[in-house]
$ cat run13.cif   # mmCIF, N, CA and C atoms
data_start
#
loop_
_atom_site.label_atom_id
_atom_site.label_comp_id
_atom_site.auth_asym_id
_atom_site.auth_seq_id
_atom_site.Cartn_x
_atom_site.Cartn_y
_atom_site.Cartn_z
N MET A 1 37.39 -130.51 -41.64
CA MET A 1 36.26 -130.49 -40.72
C MET A 1 35.07 -129.84 -41.40
N VAL A 2 33.96 -130.56 -41.46
CA VAL A 2 32.76 -130.05 -42.13
C VAL A 2 31.99 -129.11 -41.22
N ASN A 3 31.90 -129.45 -39.96
CA ASN A 3 31.01 -128.74 -39.04
C ASN A 3 31.79 -127.83 -38.10
N LEU A 4 31.63 -126.53 -38.27
CA LEU A 4 32.36 -125.54 -37.47
C LEU A 4 31.50 -124.85 -36.42
N TRP A 5 30.29 -125.35 -36.19
CA TRP A 5 29.33 -124.65 -35.36
C TRP A 5 29.65 -124.63 -33.88
N SER A 6 30.61 -125.40 -33.45
CA SER A 6 30.97 -125.35 -32.03
C SER A 6 31.79 -124.10 -31.70
N THR A 7 32.28 -123.40 -32.72
CA THR A 7 33.07 -122.20 -32.45
C THR A 7 32.16 -120.97 -32.37
N THR A 8 32.40 -120.18 -31.37
CA THR A 8 31.62 -118.95 -31.16
C THR A 8 31.74 -118.03 -32.37
N GLU A 9 32.94 -117.89 -32.87
CA GLU A 9 33.21 -117.02 -34.01
C GLU A 9 32.36 -117.39 -35.23
N HIS A 10 32.28 -118.67 -35.53
CA HIS A 10 31.51 -119.12 -36.70
C HIS A 10 30.01 -118.86 -36.49
N ALA A 11 29.50 -119.21 -35.31
CA ALA A 11 28.08 -119.02 -35.02
C ALA A 11 27.68 -117.55 -35.06
N LEU A 12 28.47 -116.70 -34.44
CA LEU A 12 28.15 -115.26 -34.45
C LEU A 12 28.27 -114.66 -35.85
N GLY A 13 29.23 -115.14 -36.63
CA GLY A 13 29.36 -114.69 -38.01
C GLY A 13 28.12 -115.00 -38.83
N TYR A 14 27.58 -116.20 -38.63
CA TYR A 14 26.34 -116.58 -39.34
C TYR A 14 25.18 -115.70 -38.89
N LEU A 15 25.00 -115.53 -37.60
CA LEU A 15 23.88 -114.73 -37.10
C LEU A 15 23.93 -113.30 -37.62
N ALA A 16 25.13 -112.77 -37.79
CA ALA A 16 25.29 -111.40 -38.28
C ALA A 16 24.80 -111.25 -39.72
N LYS A 17 24.86 -112.30 -40.50
CA LYS A 17 24.46 -112.20 -41.90
C LYS A 17 23.20 -113.00 -42.24
N ALA A 18 22.61 -113.68 -41.28
CA ALA A 18 21.47 -114.58 -41.54
C ALA A 18 20.31 -113.89 -42.25
N ASP A 19 19.99 -112.68 -41.85
CA ASP A 19 18.85 -111.99 -42.46
C ASP A 19 19.12 -111.51 -43.88
N SER A 20 20.37 -111.57 -44.31
CA SER A 20 20.70 -111.11 -45.67
C SER A 20 20.92 -112.27 -46.65
N ILE A 21 20.64 -113.49 -46.23
CA ILE A 21 20.79 -114.65 -47.13
C ILE A 21 19.75 -114.50 -48.25
N PRO A 22 20.20 -114.50 -49.51
CA PRO A 22 19.27 -114.31 -50.63
C PRO A 22 18.14 -115.35 -50.63
N HIS A 23 16.93 -114.88 -50.79
CA HIS A 23 15.72 -115.69 -50.95
C HIS A 23 15.37 -116.52 -49.71
N ARG A 24 15.95 -116.19 -48.59
CA ARG A 24 15.65 -116.94 -47.37
C ARG A 24 14.18 -116.84 -47.00
N THR A 25 13.64 -115.64 -47.02
CA THR A 25 12.25 -115.48 -46.61
C THR A 25 11.30 -116.18 -47.59
N GLU A 26 11.64 -116.19 -48.88
CA GLU A 26 10.80 -116.91 -49.85
C GLU A 26 10.82 -118.42 -49.55
N GLY A 27 12.00 -118.94 -49.25
CA GLY A 27 12.11 -120.36 -48.92
C GLY A 27 11.34 -120.70 -47.65
N GLU A 28 11.44 -119.85 -46.66
CA GLU A 28 10.70 -120.07 -45.41
C GLU A 28 9.20 -120.02 -45.67
N ALA A 29 8.76 -119.11 -46.53
CA ALA A 29 7.33 -119.01 -46.83
C ALA A 29 6.81 -120.29 -47.48
N VAL A 30 7.58 -120.86 -48.39
CA VAL A 30 7.19 -122.12 -49.03
C VAL A 30 7.07 -123.22 -47.98
N LEU A 31 8.06 -123.30 -47.11
CA LEU A 31 8.03 -124.32 -46.06
C LEU A 31 6.83 -124.12 -45.15
N LEU A 32 6.56 -122.89 -44.75
CA LEU A 32 5.43 -122.61 -43.87
C LEU A 32 4.11 -123.01 -44.52
N ASP A 33 3.99 -122.80 -45.83
CA ASP A 33 2.78 -123.20 -46.55
C ASP A 33 2.64 -124.72 -46.61
N TYR A 34 3.75 -125.42 -46.62
CA TYR A 34 3.74 -126.86 -46.78
C TYR A 34 3.41 -127.61 -45.49
N ILE A 35 3.80 -127.08 -44.36
CA ILE A 35 3.56 -127.74 -43.07
C ILE A 35 2.12 -127.46 -42.64
N PRO A 36 1.32 -128.50 -42.46
CA PRO A 36 -0.09 -128.29 -42.09
C PRO A 36 -0.23 -127.50 -40.79
N LYS A 37 -1.20 -126.64 -40.76
CA LYS A 37 -1.45 -125.85 -39.55
C LYS A 37 -1.95 -126.74 -38.41
N THR A 38 -2.34 -127.97 -38.75
CA THR A 38 -2.82 -128.92 -37.74
C THR A 38 -1.69 -129.78 -37.16
N ALA A 39 -0.46 -129.56 -37.59
CA ALA A 39 0.66 -130.35 -37.06
C ALA A 39 0.73 -130.12 -35.55
N ASN A 40 0.79 -131.23 -34.82
CA ASN A 40 0.81 -131.13 -33.36
C ASN A 40 2.19 -131.28 -32.74
N ARG A 41 3.12 -131.85 -33.50
CA ARG A 41 4.47 -132.06 -32.97
C ARG A 41 5.47 -131.84 -34.09
N ILE A 42 6.42 -130.92 -33.87
CA ILE A 42 7.38 -130.54 -34.91
C ILE A 42 8.80 -130.65 -34.35
N LEU A 43 9.69 -131.22 -35.17
CA LEU A 43 11.11 -131.32 -34.83
C LEU A 43 11.90 -130.42 -35.77
N ASP A 44 12.75 -129.59 -35.22
CA ASP A 44 13.60 -128.70 -36.00
C ASP A 44 15.05 -129.13 -35.80
N LEU A 45 15.65 -129.66 -36.85
CA LEU A 45 17.02 -130.16 -36.80
C LEU A 45 18.00 -129.04 -37.11
N GLY A 46 18.92 -128.78 -36.21
CA GLY A 46 19.86 -127.68 -36.39
C GLY A 46 19.14 -126.36 -36.27
N THR A 47 18.40 -126.20 -35.21
CA THR A 47 17.50 -125.05 -35.04
C THR A 47 18.20 -123.70 -35.03
N GLY A 48 19.48 -123.69 -34.71
CA GLY A 48 20.17 -122.40 -34.62
C GLY A 48 19.56 -121.57 -33.52
N ASP A 49 19.21 -120.35 -33.84
CA ASP A 49 18.62 -119.46 -32.84
C ASP A 49 17.11 -119.66 -32.70
N GLY A 50 16.56 -120.65 -33.40
CA GLY A 50 15.13 -120.96 -33.28
C GLY A 50 14.24 -120.22 -34.24
N ARG A 51 14.81 -119.53 -35.20
CA ARG A 51 14.04 -118.70 -36.13
C ARG A 51 12.92 -119.49 -36.83
N LEU A 52 13.25 -120.64 -37.42
CA LEU A 52 12.25 -121.41 -38.16
C LEU A 52 11.17 -121.96 -37.23
N MET A 53 11.56 -122.47 -36.08
CA MET A 53 10.59 -122.98 -35.11
C MET A 53 9.64 -121.86 -34.68
N ALA A 54 10.16 -120.68 -34.47
CA ALA A 54 9.33 -119.53 -34.08
C ALA A 54 8.34 -119.18 -35.19
N LEU A 55 8.79 -119.21 -36.44
CA LEU A 55 7.88 -118.93 -37.56
C LEU A 55 6.78 -119.99 -37.65
N LEU A 56 7.14 -121.24 -37.49
CA LEU A 56 6.15 -122.32 -37.53
C LEU A 56 5.15 -122.18 -36.39
N ASN A 57 5.62 -121.72 -35.27
CA ASN A 57 4.79 -121.60 -34.07
C ASN A 57 3.74 -120.51 -34.19
N ILE A 58 3.93 -119.55 -35.07
CA ILE A 58 2.96 -118.45 -35.20
C ILE A 58 1.58 -118.97 -35.56
N ASP A 59 1.50 -119.83 -36.58
CA ASP A 59 0.21 -120.36 -37.03
C ASP A 59 -0.09 -121.76 -36.49
N ARG A 60 0.79 -122.27 -35.66
CA ARG A 60 0.62 -123.61 -35.09
C ARG A 60 0.88 -123.53 -33.58
N SER A 61 0.22 -122.59 -32.95
CA SER A 61 0.49 -122.32 -31.53
C SER A 61 0.12 -123.49 -30.63
N GLN A 62 -0.67 -124.44 -31.14
CA GLN A 62 -1.02 -125.62 -30.36
C GLN A 62 0.08 -126.67 -30.40
N ALA A 63 0.99 -126.55 -31.34
CA ALA A 63 2.01 -127.57 -31.55
C ALA A 63 3.11 -127.51 -30.49
N THR A 64 3.57 -128.70 -30.13
CA THR A 64 4.78 -128.76 -29.32
C THR A 64 5.95 -128.88 -30.28
N GLY A 65 7.08 -128.37 -29.86
CA GLY A 65 8.25 -128.41 -30.73
C GLY A 65 9.47 -128.90 -29.98
N VAL A 66 10.34 -129.58 -30.73
CA VAL A 66 11.64 -129.98 -30.21
C VAL A 66 12.67 -129.36 -31.14
N ALA A 67 13.56 -128.58 -30.57
CA ALA A 67 14.57 -127.86 -31.32
C ALA A 67 15.94 -128.43 -30.97
N LEU A 68 16.63 -129.01 -31.95
CA LEU A 68 17.94 -129.62 -31.74
C LEU A 68 19.04 -128.75 -32.31
N ASP A 69 20.09 -128.58 -31.54
CA ASP A 69 21.30 -127.93 -32.02
C ASP A 69 22.42 -128.27 -31.03
N PHE A 70 23.65 -128.04 -31.42
CA PHE A 70 24.76 -128.32 -30.50
C PHE A 70 25.68 -127.13 -30.31
N SER A 71 25.50 -126.09 -31.09
CA SER A 71 26.33 -124.89 -30.96
C SER A 71 25.97 -124.16 -29.67
N PRO A 72 26.93 -123.96 -28.78
CA PRO A 72 26.62 -123.25 -27.53
C PRO A 72 25.99 -121.87 -27.77
N VAL A 73 26.48 -121.15 -28.75
CA VAL A 73 25.93 -119.82 -29.06
C VAL A 73 24.47 -119.96 -29.51
N MET A 74 24.22 -120.88 -30.42
CA MET A 74 22.86 -121.05 -30.93
C MET A 74 21.90 -121.54 -29.86
N ILE A 75 22.36 -122.46 -29.02
CA ILE A 75 21.52 -122.96 -27.93
C ILE A 75 21.11 -121.81 -27.01
N GLU A 76 22.05 -120.95 -26.67
CA GLU A 76 21.73 -119.80 -25.82
C GLU A 76 20.74 -118.86 -26.49
N GLN A 77 20.91 -118.62 -27.79
CA GLN A 77 19.98 -117.77 -28.53
C GLN A 77 18.58 -118.38 -28.54
N ALA A 78 18.50 -119.69 -28.81
CA ALA A 78 17.20 -120.36 -28.84
C ALA A 78 16.54 -120.36 -27.46
N LYS A 79 17.34 -120.60 -26.42
CA LYS A 79 16.78 -120.56 -25.05
C LYS A 79 16.21 -119.18 -24.75
N GLY A 80 16.89 -118.14 -25.19
CA GLY A 80 16.38 -116.79 -24.98
C GLY A 80 15.08 -116.56 -25.73
N ARG A 81 15.04 -117.02 -26.96
CA ARG A 81 13.84 -116.84 -27.79
C ARG A 81 12.63 -117.56 -27.19
N PHE A 82 12.84 -118.76 -26.66
CA PHE A 82 11.73 -119.59 -26.19
C PHE A 82 11.61 -119.65 -24.67
N LYS A 83 12.23 -118.72 -23.97
CA LYS A 83 12.25 -118.78 -22.50
C LYS A 83 10.86 -118.81 -21.88
N ASP A 84 9.89 -118.20 -22.53
CA ASP A 84 8.53 -118.16 -21.98
C ASP A 84 7.58 -119.12 -22.69
N ASP A 85 8.10 -119.97 -23.55
CA ASP A 85 7.27 -120.89 -24.32
C ASP A 85 7.50 -122.31 -23.80
N LYS A 86 6.54 -122.80 -23.05
CA LYS A 86 6.65 -124.13 -22.43
C LYS A 86 6.42 -125.26 -23.43
N LEU A 87 5.99 -124.92 -24.65
CA LEU A 87 5.72 -125.96 -25.66
C LEU A 87 6.94 -126.30 -26.50
N ILE A 88 8.00 -125.52 -26.38
CA ILE A 88 9.22 -125.75 -27.16
C ILE A 88 10.31 -126.29 -26.23
N GLU A 89 10.82 -127.46 -26.58
CA GLU A 89 11.91 -128.07 -25.82
C GLU A 89 13.19 -127.96 -26.64
N ILE A 90 14.24 -127.52 -26.01
CA ILE A 90 15.54 -127.37 -26.69
C ILE A 90 16.45 -128.49 -26.20
N ILE A 91 17.00 -129.23 -27.15
CA ILE A 91 17.88 -130.35 -26.83
C ILE A 91 19.22 -130.14 -27.51
N ILE A 92 20.27 -130.35 -26.75
CA ILE A 92 21.62 -130.25 -27.30
C ILE A 92 21.93 -131.56 -28.01
N HIS A 93 22.18 -131.47 -29.31
CA HIS A 93 22.49 -132.67 -30.10
C HIS A 93 23.22 -132.27 -31.37
N ASN A 94 24.27 -133.00 -31.66
CA ASN A 94 25.06 -132.81 -32.88
C ASN A 94 24.53 -133.75 -33.95
N LEU A 95 24.16 -133.21 -35.09
CA LEU A 95 23.61 -134.03 -36.17
C LEU A 95 24.61 -135.02 -36.74
N ASP A 96 25.88 -134.90 -36.38
CA ASP A 96 26.87 -135.91 -36.78
C ASP A 96 26.57 -137.25 -36.12
N ASN A 97 25.81 -137.23 -35.04
CA ASN A 97 25.47 -138.43 -34.28
C ASN A 97 24.03 -138.85 -34.52
N GLN A 98 23.75 -140.12 -34.30
CA GLN A 98 22.40 -140.65 -34.48
C GLN A 98 21.40 -139.83 -33.65
N LEU A 99 20.23 -139.59 -34.22
CA LEU A 99 19.21 -138.83 -33.52
C LEU A 99 18.77 -139.57 -32.26
N PRO A 100 18.52 -138.83 -31.18
CA PRO A 100 18.03 -139.48 -29.96
C PRO A 100 16.59 -139.96 -30.15
N ASP A 101 16.15 -140.86 -29.29
CA ASP A 101 14.78 -141.35 -29.34
C ASP A 101 13.87 -140.26 -28.78
N LEU A 102 13.18 -139.58 -29.66
CA LEU A 102 12.35 -138.44 -29.27
C LEU A 102 10.87 -138.68 -29.51
N GLY A 103 10.52 -139.87 -29.96
CA GLY A 103 9.13 -140.14 -30.29
C GLY A 103 8.85 -139.76 -31.74
N LYS A 104 7.58 -139.68 -32.07
CA LYS A 104 7.14 -139.40 -33.44
C LYS A 104 6.76 -137.93 -33.62
N PHE A 105 6.88 -137.47 -34.86
CA PHE A 105 6.59 -136.08 -35.20
C PHE A 105 5.71 -136.00 -36.43
N ASP A 106 4.83 -134.99 -36.47
CA ASP A 106 4.00 -134.72 -37.64
C ASP A 106 4.80 -134.03 -38.73
N ALA A 107 5.81 -133.28 -38.33
CA ALA A 107 6.66 -132.57 -39.30
C ALA A 107 8.07 -132.49 -38.74
N ILE A 108 9.03 -132.66 -39.63
CA ILE A 108 10.44 -132.50 -39.28
C ILE A 108 11.03 -131.53 -40.29
N VAL A 109 11.63 -130.47 -39.79
CA VAL A 109 12.17 -129.41 -40.65
C VAL A 109 13.64 -129.17 -40.34
N SER A 110 14.29 -128.51 -41.27
CA SER A 110 15.67 -128.09 -41.07
C SER A 110 15.97 -126.97 -42.05
N SER A 111 16.71 -126.00 -41.58
CA SER A 111 17.09 -124.88 -42.43
C SER A 111 18.58 -124.63 -42.28
N PHE A 112 19.31 -124.79 -43.34
CA PHE A 112 20.75 -124.51 -43.35
C PHE A 112 21.53 -125.34 -42.32
N ALA A 113 21.19 -126.62 -42.16
CA ALA A 113 21.91 -127.43 -41.18
C ALA A 113 22.42 -128.75 -41.76
N ILE A 114 21.58 -129.46 -42.47
CA ILE A 114 21.93 -130.82 -42.90
C ILE A 114 23.13 -130.82 -43.84
N HIS A 115 23.31 -129.78 -44.62
CA HIS A 115 24.45 -129.76 -45.54
C HIS A 115 25.79 -129.70 -44.81
N HIS A 116 25.77 -129.50 -43.50
CA HIS A 116 27.02 -129.44 -42.74
C HIS A 116 27.54 -130.82 -42.31
N VAL A 117 26.76 -131.87 -42.54
CA VAL A 117 27.22 -133.21 -42.18
C VAL A 117 27.78 -133.90 -43.43
N THR A 118 28.56 -134.95 -43.23
CA THR A 118 29.16 -135.67 -44.36
C THR A 118 28.06 -136.32 -45.20
N HIS A 119 28.40 -136.66 -46.43
CA HIS A 119 27.41 -137.28 -47.33
C HIS A 119 26.90 -138.60 -46.76
N ASP A 120 27.79 -139.41 -46.20
CA ASP A 120 27.34 -140.67 -45.60
C ASP A 120 26.37 -140.42 -44.45
N ARG A 121 26.65 -139.41 -43.65
CA ARG A 121 25.76 -139.10 -42.53
C ARG A 121 24.42 -138.57 -43.03
N LYS A 122 24.43 -137.82 -44.11
CA LYS A 122 23.16 -137.34 -44.68
C LYS A 122 22.25 -138.51 -45.01
N ARG A 123 22.81 -139.54 -45.62
CA ARG A 123 22.00 -140.71 -45.99
C ARG A 123 21.37 -141.35 -44.76
N SER A 124 22.16 -141.58 -43.74
CA SER A 124 21.61 -142.22 -42.54
C SER A 124 20.67 -141.27 -41.78
N LEU A 125 20.97 -139.99 -41.80
CA LEU A 125 20.11 -139.01 -41.13
C LEU A 125 18.73 -138.98 -41.76
N TYR A 126 18.65 -138.99 -43.07
CA TYR A 126 17.34 -138.98 -43.74
C TYR A 126 16.55 -140.24 -43.41
N GLU A 127 17.22 -141.37 -43.26
CA GLU A 127 16.53 -142.60 -42.85
C GLU A 127 15.99 -142.45 -41.43
N GLU A 128 16.79 -141.89 -40.54
CA GLU A 128 16.34 -141.65 -39.17
C GLU A 128 15.15 -140.69 -39.13
N ILE A 129 15.21 -139.64 -39.94
CA ILE A 129 14.11 -138.68 -40.02
C ILE A 129 12.84 -139.37 -40.46
N PHE A 130 12.92 -140.16 -41.51
CA PHE A 130 11.75 -140.87 -42.02
C PHE A 130 11.12 -141.73 -40.92
N ASN A 131 11.96 -142.40 -40.16
CA ASN A 131 11.46 -143.28 -39.09
C ASN A 131 10.84 -142.53 -37.93
N LEU A 132 11.10 -141.24 -37.80
CA LEU A 132 10.50 -140.43 -36.73
C LEU A 132 9.16 -139.79 -37.12
N LEU A 133 8.82 -139.88 -38.40
CA LEU A 133 7.58 -139.27 -38.86
C LEU A 133 6.36 -140.14 -38.57
N THR A 134 5.28 -139.49 -38.16
CA THR A 134 4.01 -140.20 -38.01
C THR A 134 3.51 -140.57 -39.41
N PRO A 135 2.64 -141.57 -39.54
CA PRO A 135 2.10 -141.89 -40.87
C PRO A 135 1.47 -140.63 -41.49
N GLY A 136 1.86 -140.33 -42.70
CA GLY A 136 1.37 -139.14 -43.39
C GLY A 136 2.15 -137.88 -43.05
N GLY A 137 3.12 -137.99 -42.15
CA GLY A 137 3.91 -136.82 -41.73
C GLY A 137 4.87 -136.39 -42.80
#

$ encode --input "run13.cif" --output "structure tokens"
Amino acid sequence: MVNLWSTTEHALGYLAKADSIPHRTEGEAVLLDYIPKTANRILDLGTGDGRLMALLNIDRSQATGVALDFSPVMIEQAKGRFKDDKLIEIIIHNLDNQLPDLGKFDAIVSSFAIHHVTHDRKRSLYEEIFNLLTPGG
């Protein structure tokens, strides 16, 4: 089994060590620099507790966001983080399955999620991601 995120134990174990992942903040900084501040719609695949979406939202407060995850623990964490933010929608979805029809996005991001799906699914997922991007996204 590649994807263990449905288990509470696995999700809580990750959250306990997430801030100590080497070079995580440097990687996030690069991503934040790359996503235009004018992006109006952002999709976060495997959002977890919503950390990356929250960081993107700091300088893109006009943007609406869709945060996808299927881990019950992570969904609850993300709901707590965004409880007062009407611009962020949280959707329960397992990346093992085809992405739902969510419309087009200016930016699609993911942090520590896509590597959890099989190689064949990665190929089809990237095709789906490309098809959800607006021209120039």

$ atom_distance --input "run13.cif" --atom1 "CA of Ser61 (chain A)" --atom2 "CA of Phe82 (chain A)"
12.7 Å

$ atom_distance --input "run13.cif" --atom1 "CA of Lys37 (chain A)" --atom2 "CA of Asp59 (chain A)"
6.3 Å

$ atom_distance --input "run13.cif" --atom1 "atom C of Gly136 (chain A)" --atom2 "CA of Asp106 (chain A)"
6.5 Å

$ closest_residue --input "run13.cif" --among "A:Pro72, A:Gly46, A:Gly137, A:Gly65" --to "Ser110 (chain A)" --atoms "all atoms listed in the file"
A:Gly46

$ residues_around --input "run13.cif" --residues "Phe112 (chain A)" --least-positions-apart "2" --cutoff "8 Å" --atoms "all atoms listed in the file" --output "list in words"
Leu45, Gly46, Thr47, Val109, Ser110, Ile114, His115 and His116 of chain A

$ resolve_selection --input "run13.cif" --expression "the PyMOL selection byres (((chain A and resi 42 and name CA) around 6) and name CA)" --output "ChimeraX atom specification"
/A:41,43,65,105,107-108

$ write_last_selection --input "run13.cif" --atoms "N, CA and C atoms" --output "PDB file, keeping the file's coordinate frame"
ATOM      1  N   ARG A  41       3.120-131.850 -33.500  1.00  0.00           N
ATOM      2  CA  ARG A  41       4.470-132.060 -32.970  1.00  0.00           C
ATOM      3  C   ARG A  41       5.470-131.840 -34.090  1.00  0.00           C
ATOM      4  N   LEU A  43       9.690-131.220 -35.170  1.00  0.00           N
ATOM      5  CA  LEU A  43      11.110-131.320 -34.830  1.00  0.00           C
ATOM      6  C   LEU A  43      11.900-130.420 -35.770  1.00  0.00           C
ATOM      7  N   GLY A  65       7.080-128.370 -29.860  1.00  0.00           N
ATOM      8  CA  GLY A  65       8.250-128.410 -30.730  1.00  0.00           C
ATOM      9  C   GLY A  65       9.470-128.900 -29.980  1.00  0.00           C
ATOM     10  N   PHE A 105       6.880-137.470 -34.860  1.00  0.00           N
ATOM     11  CA  PHE A 105       6.590-136.080 -35.200  1.00  0.00           C
ATOM     12  C   PHE A 105       5.710-136.000 -36.430  1.00  0.00           C
ATOM     13  N   ALA A 107       5.810-133.280 -38.330  1.00  0.00           N
ATOM     14  CA  ALA A 107       6.660-132.570 -39.300  1.00  0.00           C
ATOM     15  C   ALA A 107       8.070-132.490 -38.740  1.00  0.00           C
ATOM     16  N   ILE A 108       9.030-132.660 -39.630  1.00  0.00           N
ATOM     17  CA  ILE A 108      10.440-132.500 -39.280  1.00  0.00           C
ATOM     18  C   ILE A 108      11.030-131.530 -40.290  1.00  0.00           C
TER      19      ILE A 108
END

$ residues_around --input "run13.cif" --residues "Met74 (chain A)" --least-positions-apart "4" --cutoff "6 Å" --atoms "only N, CA and C atoms" --output "VMD selection string"
chain A and resid 48 to 49 78 to 79

$ select_by_dssp --input "run13.cif" --residues "region 55-129 of chain A" --states "helix (DSSP H, G or I)" --output "list in words"
Leu55, Leu56, Asn57, Ile58, Asp59, Pro72, Val73, Met74, Ile75, Glu76, Gln77, Ala78, Lys79, Gly80, Arg81, Ile114, His115, His116, His119, Asp120, Arg121, Lys122, Arg123, Ser124, Leu125, Tyr126, Glu127, Glu128 and Ile129 of chain A

$ closest_residue --input "run13.cif" --among "A:Leu132, A:Gly50, A:Leu95, A:Asp101" --to "Val117 (chain A)" --atoms "only N, CA and C atoms"
A:Leu95

$ residues_around --input "run13.cif" --residues "His93 (chain A)" --least-positions-apart "4" --cutoff "6.5 Å" --atoms "only N, CA and C atoms" --output "list in words"
Leu68, Asp69 and Phe70 of chain A

$ closest_residue --input "run13.cif" --among "A:Val30, A:Ile35, A:Leu125, A:Ala113" --to "Gln98 (chain A)" --atoms "all atoms listed in the file"
A:Leu125

$ axis_aligned_box --input "run13.cif" --around "region 49-55 of chain A" --padding-each-side "3 Å" --output "AutoDock Vina command-line options"
--center_x 13.0 --center_y -120.8 --center_z -35.4 --size_x 18.4 --size_y 10.3 --size_z 11.5

$ closest_residue --input "run13.cif" --among "A:Thr134, A:Lys122, A:Gln77, A:Ile58" --to "Lys104 (chain A)" --atoms "all atoms listed in the file"
A:Thr134

$ closest_residue --input "run13.cif" --among "A:Thr118, A:Ile92, A:Asp85, A:Leu56" --to "Val73 (chain A)" --atoms "only C-alpha atoms"
A:Ile92

$ decode --input "run13.cif" --residues "region 25-31 of chain A" --atoms "all heavy atoms" --output "PDB file, in the first residue's frame"
ATOM      1  N   THR A  25      11.368  24.955   4.502  1.00  0.00           N
ATOM      2  CA  THR A  25      11.056  26.375   4.368  1.00  0.00           C
ATOM      3  C   THR A  25      11.732  26.979   3.136  1.00  0.00           C
ATOM      4  O   THR A  25      11.152  27.847   2.492  1.00  0.00           O
ATOM      5  CB  THR A  25      11.443  27.166   5.631  1.00  0.00           C
ATOM      6  OG1 THR A  25      12.817  26.935   5.931  1.00  0.00           O
ATOM      7  CG2 THR A  25      10.590  26.769   6.812  1.00  0.00           C
ATOM      8  N   GLU A  26      12.934  26.503   2.796  1.00  0.00           N
ATOM      9  CA  GLU A  26      13.592  26.997   1.577  1.00  0.00           C
ATOM     10  C   GLU A  26      12.787  26.597   0.337  1.00  0.00           C
ATOM     11  O   GLU A  26      12.599  27.402  -0.580  1.00  0.00           O
ATOM     12  CB  GLU A  26      15.018  26.453   1.447  1.00  0.00           C
ATOM     13  CG  GLU A  26      15.979  26.969   2.491  1.00  0.00           C
ATOM     14  CD  GLU A  26      16.097  26.058   3.703  1.00  0.00           C
ATOM     15  OE1 GLU A  26      15.178  25.258   3.960  1.00  0.00           O
ATOM     16  OE2 GLU A  26      17.113  26.154   4.402  1.00  0.00           O
ATOM     17  N   GLY A  27      12.310  25.366   0.315  1.00  0.00           N
ATOM     18  CA  GLY A  27      11.497  24.908  -0.811  1.00  0.00           C
ATOM     19  C   GLY A  27      10.198  25.696  -0.922  1.00  0.00           C
ATOM     20  O   GLY A  27       9.780  26.073  -2.019  1.00  0.00           O
ATOM     21  N   GLU A  28       9.567  25.941   0.205  1.00  0.00           N
ATOM     22  CA  GLU A  28       8.332  26.728   0.198  1.00  0.00           C
ATOM     23  C   GLU A  28       8.603  28.150  -0.284  1.00  0.00           C
ATOM     24  O   GLU A  28       7.796  28.719  -1.040  1.00  0.00           O
ATOM     25  CB  GLU A  28       7.713  26.740   1.591  1.00  0.00           C
ATOM     26  CG  GLU A  28       7.140  25.406   2.002  1.00  0.00           C
ATOM     27  CD  GLU A  28       6.779  25.303   3.470  1.00  0.00           C
ATOM     28  OE1 GLU A  28       7.305  26.100   4.293  1.00  0.00           O
ATOM     29  OE2 GLU A  28       5.976  24.421   3.802  1.00  0.00           O
ATOM     30  N   ALA A  29       9.731  28.725   0.113  1.00  0.00           N
ATOM     31  CA  ALA A  29      10.065  30.081  -0.321  1.00  0.00           C
ATOM     32  C   ALA A  29      10.229  30.153  -1.831  1.00  0.00           C
ATOM     33  O   ALA A  29       9.768  31.109  -2.470  1.00  0.00           O
ATOM     34  CB  ALA A  29      11.344  30.557   0.381  1.00  0.00           C
ATOM     35  N   VAL A  30      10.872  29.160  -2.420  1.00  0.00           N
ATOM     36  CA  VAL A  30      11.032  29.121  -3.876  1.00  0.00           C
ATOM     37  C   VAL A  30       9.660  29.048  -4.545  1.00  0.00           C
ATOM     38  O   VAL A  30       9.371  29.766  -5.505  1.00  0.00           O
ATOM     39  CB  VAL A  30      11.930  27.939  -4.314  1.00  0.00           C
ATOM     40  CG1 VAL A  30      11.895  27.750  -5.814  1.00  0.00           C
ATOM     41  CG2 VAL A  30      13.355  28.157  -3.832  1.00  0.00           C
ATOM     42  N   LEU A  31       8.813  28.179  -4.035  1.00  0.00           N
ATOM     43  CA  LEU A  31       7.474  28.045  -4.606  1.00  0.00           C
ATOM     44  C   LEU A  31       6.698  29.359  -4.475  1.00  0.00           C
ATOM     45  O   LEU A  31       6.055  29.805  -5.434  1.00  0.00           O
ATOM     46  CB  LEU A  31       6.708  26.912  -3.926  1.00  0.00           C
ATOM     47  CG  LEU A  31       5.352  26.640  -4.546  1.00  0.00           C
ATOM     48  CD1 LEU A  31       5.135  25.144  -4.701  1.00  0.00           C
ATOM     49  CD2 LEU A  31       4.236  27.247  -3.747  1.00  0.00           C
TER      50      LEU A  31
END
